[in-house]
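Heads up, model.pdb below (PDB, N, CA and C atoms, pLDDT in the B column):
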ATOM      1  N   MET A   1    -144.891 -75.074  63.668  1.00 59.00           N
ATOM      2  CA  MET A   1    -145.137 -75.745  64.926  1.00 59.00           C
ATOM      3  C   MET A   1    -144.994 -74.733  66.065  1.00 59.00           C
ATOM      4  N   TYR A   2    -145.903 -74.820  67.002  1.00 59.00           N
ATOM      5  CA  TYR A   2    -145.873 -73.921  68.149  1.00 59.00           C
ATOM      6  C   TYR A   2    -145.021 -74.513  69.257  1.00 59.00           C
ATOM      7  N   THR A   3    -144.418 -73.654  70.052  1.00 64.00           N
ATOM      8  CA  THR A   3    -143.714 -74.132  71.237  1.00 64.00           C
ATOM      9  C   THR A   3    -144.730 -74.332  72.348  1.00 64.00           C
ATOM     10  N   PHE A   4    -144.349 -75.104  73.346  1.00 60.00           N
ATOM     11  CA  PHE A   4    -145.282 -75.402  74.432  1.00 60.00           C
ATOM     12  C   PHE A   4    -145.465 -74.188  75.331  1.00 60.00           C
ATOM     13  N   ILE A   5    -146.707 -73.834  75.531  1.00 61.00           N
ATOM     14  CA  ILE A   5    -147.055 -72.771  76.480  1.00 61.00           C
ATOM     15  C   ILE A   5    -148.130 -73.339  77.396  1.00 61.00           C
ATOM     16  N   LEU A   6    -148.588 -72.566  78.348  1.00 62.00           N
ATOM     17  CA  LEU A   6    -149.579 -73.088  79.285  1.00 62.00           C
ATOM     18  C   LEU A   6    -150.858 -73.529  78.591  1.00 62.00           C
ATOM     19  N   GLN A   7    -151.214 -72.865  77.519  1.00 61.00           N
ATOM     20  CA  GLN A   7    -152.394 -73.254  76.751  1.00 61.00           C
ATOM     21  C   GLN A   7    -151.957 -73.574  75.324  1.00 61.00           C
ATOM     22  N   PRO A   8    -151.507 -74.814  75.088  1.00 56.00           N
ATOM     23  CA  PRO A   8    -151.018 -75.159  73.755  1.00 56.00           C
ATOM     24  C   PRO A   8    -152.118 -75.039  72.708  1.00 56.00           C
ATOM     25  N   ARG A   9    -151.730 -74.598  71.539  1.00 67.00           N
ATOM     26  CA  ARG A   9    -152.710 -74.383  70.484  1.00 67.00           C
ATOM     27  C   ARG A   9    -152.866 -75.590  69.578  1.00 67.00           C
ATOM     28  N   ARG A  10    -151.882 -76.483  69.597  1.00 80.00           N
ATOM     29  CA  ARG A  10    -151.954 -77.633  68.716  1.00 80.00           C
ATOM     30  C   ARG A  10    -151.609 -78.913  69.453  1.00 80.00           C
ATOM     31  N   LYS A  11    -152.289 -79.971  69.044  1.00 83.00           N
ATOM     32  CA  LYS A  11    -152.024 -81.286  69.621  1.00 83.00           C
ATOM     33  C   LYS A  11    -150.587 -81.716  69.337  1.00 83.00           C
ATOM     34  N   GLU A  12    -150.085 -81.367  68.166  1.00 83.00           N
ATOM     35  CA  GLU A  12    -148.714 -81.738  67.783  1.00 83.00           C
ATOM     36  C   GLU A  12    -147.696 -81.146  68.745  1.00 83.00           C
ATOM     37  N   ALA A  13    -147.915 -79.918  69.164  1.00 82.00           N
ATOM     38  CA  ALA A  13    -146.982 -79.267  70.075  1.00 82.00           C
ATOM     39  C   ALA A  13    -146.962 -79.983  71.421  1.00 82.00           C
ATOM     40  N   VAL A  14    -148.112 -80.401  71.883  1.00 83.00           N
ATOM     41  CA  VAL A  14    -148.189 -81.112  73.161  1.00 83.00           C
ATOM     42  C   VAL A  14    -147.486 -82.457  73.047  1.00 83.00           C
ATOM     43  N   LEU A  15    -147.736 -83.174  71.962  1.00 89.00           N
ATOM     44  CA  LEU A  15    -147.099 -84.478  71.777  1.00 89.00           C
ATOM     45  C   LEU A  15    -145.588 -84.349  71.669  1.00 89.00           C
ATOM     46  N   THR A  16    -145.119 -83.339  70.972  1.00 89.00           N
ATOM     47  CA  THR A  16    -143.679 -83.118  70.863  1.00 89.00           C
ATOM     48  C   THR A  16    -143.077 -82.821  72.226  1.00 89.00           C
ATOM     49  N   PHE A  17    -143.742 -81.990  72.999  1.00 90.00           N
ATOM     50  CA  PHE A  17    -143.273 -81.665  74.343  1.00 90.00           C
ATOM     51  C   PHE A  17    -143.212 -82.912  75.218  1.00 90.00           C
ATOM     52  N   VAL A  18    -144.250 -83.734  75.163  1.00 94.00           N
ATOM     53  CA  VAL A  18    -144.302 -84.945  75.982  1.00 94.00           C
ATOM     54  C   VAL A  18    -143.199 -85.916  75.565  1.00 94.00           C
ATOM     55  N   LYS A  19    -142.994 -86.077  74.270  1.00 95.00           N
ATOM     56  CA  LYS A  19    -141.951 -86.986  73.792  1.00 95.00           C
ATOM     57  C   LYS A  19    -140.570 -86.509  74.230  1.00 95.00           C
ATOM     58  N   ARG A  20    -140.309 -85.229  74.075  1.00 96.00           N
ATOM     59  CA  ARG A  20    -138.999 -84.704  74.466  1.00 96.00           C
ATOM     60  C   ARG A  20    -138.783 -84.812  75.965  1.00 96.00           C
ATOM     61  N   THR A  21    -139.830 -84.566  76.733  1.00 96.00           N
ATOM     62  CA  THR A  21    -139.725 -84.685  78.181  1.00 96.00           C
ATOM     63  C   THR A  21    -139.466 -86.134  78.582  1.00 96.00           C
ATOM     64  N   ALA A  22    -140.153 -87.072  77.945  1.00 97.00           N
ATOM     65  CA  ALA A  22    -139.957 -88.485  78.249  1.00 97.00           C
ATOM     66  C   ALA A  22    -138.534 -88.923  77.914  1.00 97.00           C
ATOM     67  N   VAL A  23    -138.018 -88.494  76.778  1.00 97.00           N
ATOM     68  CA  VAL A  23    -136.651 -88.847  76.399  1.00 97.00           C
ATOM     69  C   VAL A  23    -135.662 -88.266  77.397  1.00 97.00           C
ATOM     70  N   THR A  24    -135.877 -87.030  77.826  1.00 97.00           N
ATOM     71  CA  THR A  24    -134.987 -86.398  78.795  1.00 97.00           C
ATOM     72  C   THR A  24    -135.000 -87.149  80.125  1.00 97.00           C
ATOM     73  N   ILE A  25    -136.170 -87.503  80.605  1.00 97.00           N
ATOM     74  CA  ILE A  25    -136.278 -88.214  81.884  1.00 97.00           C
ATOM     75  C   ILE A  25    -135.653 -89.599  81.783  1.00 97.00           C
ATOM     76  N   LEU A  26    -135.913 -90.318  80.691  1.00 97.00           N
ATOM     77  CA  LEU A  26    -135.336 -91.650  80.528  1.00 97.00           C
ATOM     78  C   LEU A  26    -133.819 -91.597  80.427  1.00 97.00           C
ATOM     79  N   THR A  27    -133.298 -90.579  79.751  1.00 97.00           N
ATOM     80  CA  THR A  27    -131.842 -90.430  79.653  1.00 97.00           C
ATOM     81  C   THR A  27    -131.242 -90.159  81.026  1.00 97.00           C
ATOM     82  N   ALA A  28    -131.862 -89.292  81.798  1.00 97.00           N
ATOM     83  CA  ALA A  28    -131.361 -88.996  83.139  1.00 97.00           C
ATOM     84  C   ALA A  28    -131.404 -90.248  84.024  1.00 97.00           C
ATOM     85  N   MET A  29    -132.466 -91.029  83.918  1.00 97.00           N
ATOM     86  CA  MET A  29    -132.567 -92.257  84.702  1.00 97.00           C
ATOM     87  C   MET A  29    -131.495 -93.258  84.274  1.00 97.00           C
ATOM     88  N   ALA A  30    -131.228 -93.352  82.981  1.00 96.00           N
ATOM     89  CA  ALA A  30    -130.206 -94.280  82.489  1.00 96.00           C
ATOM     90  C   ALA A  30    -128.828 -93.885  83.007  1.00 96.00           C
ATOM     91  N   PHE A  31    -128.508 -92.595  82.962  1.00 96.00           N
ATOM     92  CA  PHE A  31    -127.216 -92.148  83.487  1.00 96.00           C
ATOM     93  C   PHE A  31    -127.097 -92.439  84.979  1.00 96.00           C
ATOM     94  N   THR A  32    -128.180 -92.237  85.716  1.00 96.00           N
ATOM     95  CA  THR A  32    -128.177 -92.515  87.147  1.00 96.00           C
ATOM     96  C   THR A  32    -127.959 -94.004  87.406  1.00 96.00           C
ATOM     97  N   LEU A  33    -128.656 -94.843  86.651  1.00 95.00           N
ATOM     98  CA  LEU A  33    -128.529 -96.292  86.813  1.00 95.00           C
ATOM     99  C   LEU A  33    -127.107 -96.749  86.504  1.00 95.00           C
ATOM    100  N   PHE A  34    -126.564 -96.305  85.368  1.00 94.00           N
ATOM    101  CA  PHE A  34    -125.214 -96.725  84.993  1.00 94.00           C
ATOM    102  C   PHE A  34    -124.172 -96.175  85.963  1.00 94.00           C
ATOM    103  N   GLY A  35    -124.377 -94.967  86.452  1.00 92.00           N
ATOM    104  CA  GLY A  35    -123.468 -94.410  87.451  1.00 92.00           C
ATOM    105  C   GLY A  35    -123.489 -95.212  88.736  1.00 92.00           C
ATOM    106  N   GLY A  36    -124.663 -95.615  89.163  1.00 91.00           N
ATOM    107  CA  GLY A  36    -124.785 -96.445  90.364  1.00 91.00           C
ATOM    108  C   GLY A  36    -124.141 -97.801  90.181  1.00 91.00           C
ATOM    109  N   MET A  37    -124.342 -98.398  89.013  1.00 91.00           N
ATOM    110  CA  MET A  37    -123.713 -99.693  88.737  1.00 91.00           C
ATOM    111  C   MET A  37    -122.194 -99.558  88.735  1.00 91.00           C
ATOM    112  N   ALA A  38    -121.671 -98.504  88.153  1.00 89.00           N
ATOM    113  CA  ALA A  38    -120.225 -98.287  88.112  1.00 89.00           C
ATOM    114  C   ALA A  38    -119.673 -98.107  89.517  1.00 89.00           C
ATOM    115  N   THR A  39    -120.411 -97.398  90.367  1.00 89.00           N
ATOM    116  CA  THR A  39    -119.968 -97.197  91.750  1.00 89.00           C
ATOM    117  C   THR A  39    -119.922 -98.527  92.497  1.00 89.00           C
ATOM    118  N   VAL A  40    -120.949 -99.331  92.348  1.00 88.00           N
ATOM    119  CA  VAL A  40    -121.001-100.631  93.033  1.00 88.00           C
ATOM    120  C   VAL A  40    -119.878-101.532  92.528  1.00 88.00           C
ATOM    121  N   LEU A  41    -119.688-101.567  91.225  1.00 87.00           N
ATOM    122  CA  LEU A  41    -118.624-102.415  90.669  1.00 87.00           C
ATOM    123  C   LEU A  41    -117.247-101.926  91.098  1.00 87.00           C
ATOM    124  N   ALA A  42    -117.073-100.623  91.197  1.00 86.00           N
ATOM    125  CA  ALA A  42    -115.786-100.090  91.640  1.00 86.00           C
ATOM    126  C   ALA A  42    -115.516-100.453  93.098  1.00 86.00           C
ATOM    127  N   ARG A  43    -116.550-100.423  93.928  1.00 85.00           N
ATOM    128  CA  ARG A  43    -116.380-100.796  95.340  1.00 85.00           C
ATOM    129  C   ARG A  43    -116.028-102.273  95.463  1.00 85.00           C
ATOM    130  N   GLU A  44    -116.704-103.118  94.656  1.00 81.00           N
ATOM    131  CA  GLU A  44    -116.436-104.549  94.709  1.00 81.00           C
ATOM    132  C   GLU A  44    -115.018-104.863  94.258  1.00 81.00           C
ATOM    133  N   SER A  45    -114.563-104.223  93.219  1.00 74.00           N
ATOM    134  CA  SER A  45    -113.206-104.494  92.733  1.00 74.00           C
ATOM    135  C   SER A  45    -112.162-103.964  93.713  1.00 74.00           C
ATOM    136  N   ASP A  46    -112.435-102.851  94.403  1.00 70.00           N
ATOM    137  CA  ASP A  46    -111.515-102.334  95.398  1.00 70.00           C
ATOM    138  C   ASP A  46    -111.412-103.265  96.595  1.00 70.00           C
ATOM    139  N   SER A  47    -112.531-103.814  97.054  1.00 68.00           N
ATOM    140  CA  SER A  47    -112.514-104.679  98.224  1.00 68.00           C
ATOM    141  C   SER A  47    -111.865-106.020  97.901  1.00 68.00           C
ATOM    142  N   SER A  48    -112.027-106.529  96.693  1.00 62.00           N
ATOM    143  CA  SER A  48    -111.421-107.813  96.343  1.00 62.00           C
ATOM    144  C   SER A  48    -109.923-107.674  96.129  1.00 62.00           C
ATOM    145  N   VAL A  49    -109.437-106.510  95.724  1.00 56.00           N
ATOM    146  CA  VAL A  49    -108.021-106.297  95.506  1.00 56.00           C
ATOM    147  C   VAL A  49    -107.290-106.189  96.839  1.00 56.00           C
ATOM    148  N   SER A  50    -107.908-105.571  97.836  1.00 51.00           N
ATOM    149  CA  SER A  50    -107.244-105.325  99.108  1.00 51.00           C
ATOM    150  C   SER A  50    -107.137-106.571  99.980  1.00 51.00           C
ATOM    151  N   THR A  51    -107.942-107.617  99.718  1.00 47.00           N
ATOM    152  CA  THR A  51    -107.895-108.811 100.562  1.00 47.00           C
ATOM    153  C   THR A  51    -106.918-109.827 100.086  1.00 47.00           C
TER     154      THR A  51
END
Would you write out, as structure tokens, the structure that this file holds?
Amino acid sequence: MYTFILQPRRKEAVLTFVKRTAVTILTAMAFTLFGGMATVLARESDSSVST
């Protein structure tokens, strides 16, 4: 299997690159989403405790 270069020689190499890139982007988005949810939940629990 070839690695991805500017002019890929095989369709398989392009598909592998696209799949890995998609998984990386989706993982980063998931971490961002869960981090944001944790921040919001932490703020809500802090404000309810102080009142």
Please report, as AutoDock Vina command-line options, the centre and edge lengths in Å to one decimal of an axis-aligned box covering all listed atoms of stretch 22-30 of chain A with 3 Å per side.
--center_x -134.5 --center_y -90.3 --center_z 80.6 --size_x 17.3 --size_y 13.9 --size_z 14.3
Atomic separation - atom N of A:Leu41 relative to atom N of A:Met29, Å:
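Going from atom N of A:Met29 over to atom N of A:Leu41 covers 18.1 Å.
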Atom CA of A:Thr24 to atom CA of A:Glu12, distance in Å rounded to a single decimal:
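Distance between the two atoms: 18.2 Å.
Distance-wise, atom CA of A:Ala13 and atom CA of A:Ala28 end up 22.6 Å apart.
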